[in-house]
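Structure first, commentary second.
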Amino acid sequence: MDKLFVSQHPMIAHKLAILRDKDTDHRKFRELVKEIAGLLAYEVTADLPTEPKDVQTPLAIAKCQELKVKVGLVPILRAGLGMVEGFWSFIPSAEVWHIGLYRDEHTLKPVEYYNKLPTAPTVDMCLILDPMLATGGSATATIDVLKRWGVTNIKFVGLIGAPEGIAQVHKLHPEVPIHLACIDEKLNDIGYIVPGLGDAGDRQFGTA
Ligand code: PRP
Ligand code: URA
């Protein structure tokens, strides 16, 4: 489990409590997804490599550092969209490549419906954004897509993960780090995370 990172930040825990509340409305829900994502972005990017750069200040040359990697954000549609703004506030230059997947409600398998990745990779590393890691089907399918694209430096970033989804990502892609705000107890018999927060897409977009 050395590739699993669960935030210990008190502000993330506090905001997650409000996010989970069934009485939190769509507008507040979106705001919280963005804010928690922004806090996670700080933690997830803590080990990004940098290289030296000399900067001329008004007074002298300063020995500085700049990012060595070009980062791509990969939100899984729909629910991952809400995390993009939070990450962008932190890495404004990041490219965003959308992957459209929905879970078939009977098989719980991911069905791909949108992918406009160009032929050759344009980034060095990808941060997959999706609030919910349930069975792990959507996350592993997206990692497969990105590896076929040619990017192997990948992290998955979610808000709530189920043990089943974490195990599935570790099994199929053991080198991919998973960053979460929280790990919940289990999946129910229709594949929802318990206690979770319900349907992250519907709660953001008001489609419940
Ligand atoms: C949700 C969520 C993940 C997926 C997680 O998306 O946003 O993408 O389920 O489940 P899994 O780990 O079992 O694959 P959903 O299919 O509900 O689509 P939506 O975001 O469009 O609502
Ligand atoms: N997708 C969601 O939005 N919520 C869950 O609990 C599981 C999958």
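Chain identifiers are assigned as A, B, and so on, following the order in which chains appear in the structure tokens; residues are numbered from 1 within each chain, and ligands are numbered from 1 in order of appearance.
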**Within 8 Å of ligand 1 (only C-alpha atoms and all ligand atoms), residues as number ranges by chain** = A: 76-80, 100-105, 108-110, 130-139, 165, 191-192, 199-202
**Message:** With DSSP run on the backbone, what are the alpha helix (DSSP H) residues within chain A? I'd like them as a PyMOL selection string.
**Reply:** chain A and resi 10-20+26-44+81-88+137-149+163-172+200-205
**Prompt:** Skipping near chain neighbours, those fewer than 2 positions away, what residues fall within 12 Å of range 88-90 of chain A using only C-alpha atoms, listed as a PyMOL selection string?
**Reply:** chain A and resi 34-46+71-75+81-86+92-96+127+129
**Request:** Go through A:Arg20, A:Lys116, A:His14, A:His9 one by one, measure the shortest atom-to-atom distance of each to ligand 2 using only C-alpha atoms and all ligand atoms, and give the residue with the smallest value.
**Result:**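 The closest residue to ligand 2 is A:Arg20.
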**Message:** Using only C-alpha atoms, which protein or nucleic acid residues come within 12 Å of Thr24 in chain A? Drop anything in the same chain fewer than 3 positions from it, and give the result as a list of chain:residue names.
**Reply:**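 The neighbour list is A:Lys15, A:Leu16, A:Ala17, A:Ile18, A:Leu19, A:Arg20, A:Asp21, A:Arg27, A:Lys28, A:Phe29, A:Arg30, A:Glu31, A:Leu32, A:Val33, A:Leu197, A:Gly198, A:Arg203, A:Gln204, A:Gly206.
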**Message:** Quick check for you: according to DSSP on this backbone, which residues of range 76-197 of chain A are classed as strand (DSSP E)? Reply as a PyMOL selection string.
**Reply:** chain A and resi 76-77+95-96+99-103+110-115+125-129+132-133+153-157+160-161+178-180+182-183+186-187+193-194
**Message:** If we count only C-alpha atoms and set the cut-off at 12 Å, which residues sit around Lys171 in chain A, ignoring sequence neighbours fewer than 3 positions away in its own chain? Please answer as a list in words.
**Reply:**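 The neighbour list is Met1, Lys3, Gly136, Gly137, Thr140, Glu164, Gly165, Ile166, Ala167, Gln168, Pro174, Glu175 and Val176 of chain A.
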Could those residues be written to a file, using N, CA, C and O atoms, as a compact mmCIF listing (two decimals), in the first residue's frame?
# COMPACT_ATOMS: atom_id res chain seq x y z
N MET A 1 0.83 -1.21 0.00
CA MET A 1 0.00 0.00 0.00
C MET A 1 0.86 1.26 0.00
O MET A 1 0.39 2.33 0.38
N LYS A 3 1.68 2.95 -2.39
CA LYS A 3 1.25 3.87 -3.45
C LYS A 3 -0.10 4.50 -3.11
O LYS A 3 -0.76 5.06 -3.97
N GLY A 136 -13.46 0.64 -9.32
CA GLY A 136 -12.15 0.86 -9.95
C GLY A 136 -12.18 0.67 -11.46
O GLY A 136 -11.17 0.88 -12.14
N GLY A 137 -13.36 0.32 -12.00
CA GLY A 137 -13.46 0.09 -13.45
C GLY A 137 -13.14 1.34 -14.26
O GLY A 137 -12.38 1.27 -15.24
N THR A 140 -9.29 2.26 -13.86
CA THR A 140 -8.34 1.38 -14.56
C THR A 140 -8.50 1.52 -16.09
O THR A 140 -7.50 1.48 -16.81
N GLU A 164 -12.52 -1.85 -2.52
CA GLU A 164 -12.56 -2.67 -3.74
C GLU A 164 -11.88 -1.96 -4.91
O GLU A 164 -11.15 -2.58 -5.69
N GLY A 165 -12.14 -0.66 -5.04
CA GLY A 165 -11.56 0.11 -6.16
C GLY A 165 -10.06 0.30 -6.00
O GLY A 165 -9.30 0.23 -6.97
N ILE A 166 -9.65 0.54 -4.76
CA ILE A 166 -8.21 0.71 -4.49
C ILE A 166 -7.48 -0.59 -4.85
O ILE A 166 -6.44 -0.58 -5.52
N ALA A 167 -8.06 -1.72 -4.42
CA ALA A 167 -7.43 -3.03 -4.69
C ALA A 167 -7.34 -3.28 -6.19
O ALA A 167 -6.33 -3.81 -6.69
N GLN A 168 -8.38 -2.88 -6.92
CA GLN A 168 -8.40 -3.13 -8.37
C GLN A 168 -7.33 -2.30 -9.09
O GLN A 168 -6.63 -2.82 -9.98
N PRO A 174 -0.06 -1.48 -10.53
CA PRO A 174 0.53 -1.33 -9.19
C PRO A 174 1.44 -0.12 -9.04
O PRO A 174 1.67 0.34 -7.92
N GLU A 175 1.93 0.43 -10.15
CA GLU A 175 2.86 1.56 -10.04
C GLU A 175 2.15 2.91 -9.96
O GLU A 175 2.79 3.94 -9.76
N VAL A 176 0.82 2.91 -10.15
CA VAL A 176 0.09 4.20 -10.18
C VAL A 176 -0.30 4.63 -8.76
O VAL A 176 -1.10 3.96 -8.11
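Separating CA of Ala120 in chain A from CA of Lys147 in chain A is a distance of 11.4 Å.
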**Message:** With only C-alpha atoms as the counted atoms, please give the residues lying no more than 8 Å from Leu48 in chain A, apart from itself and same-chain residues fewer than 4 positions off, as a PyMOL selection string.
**Reply:** chain A and resi 67-69
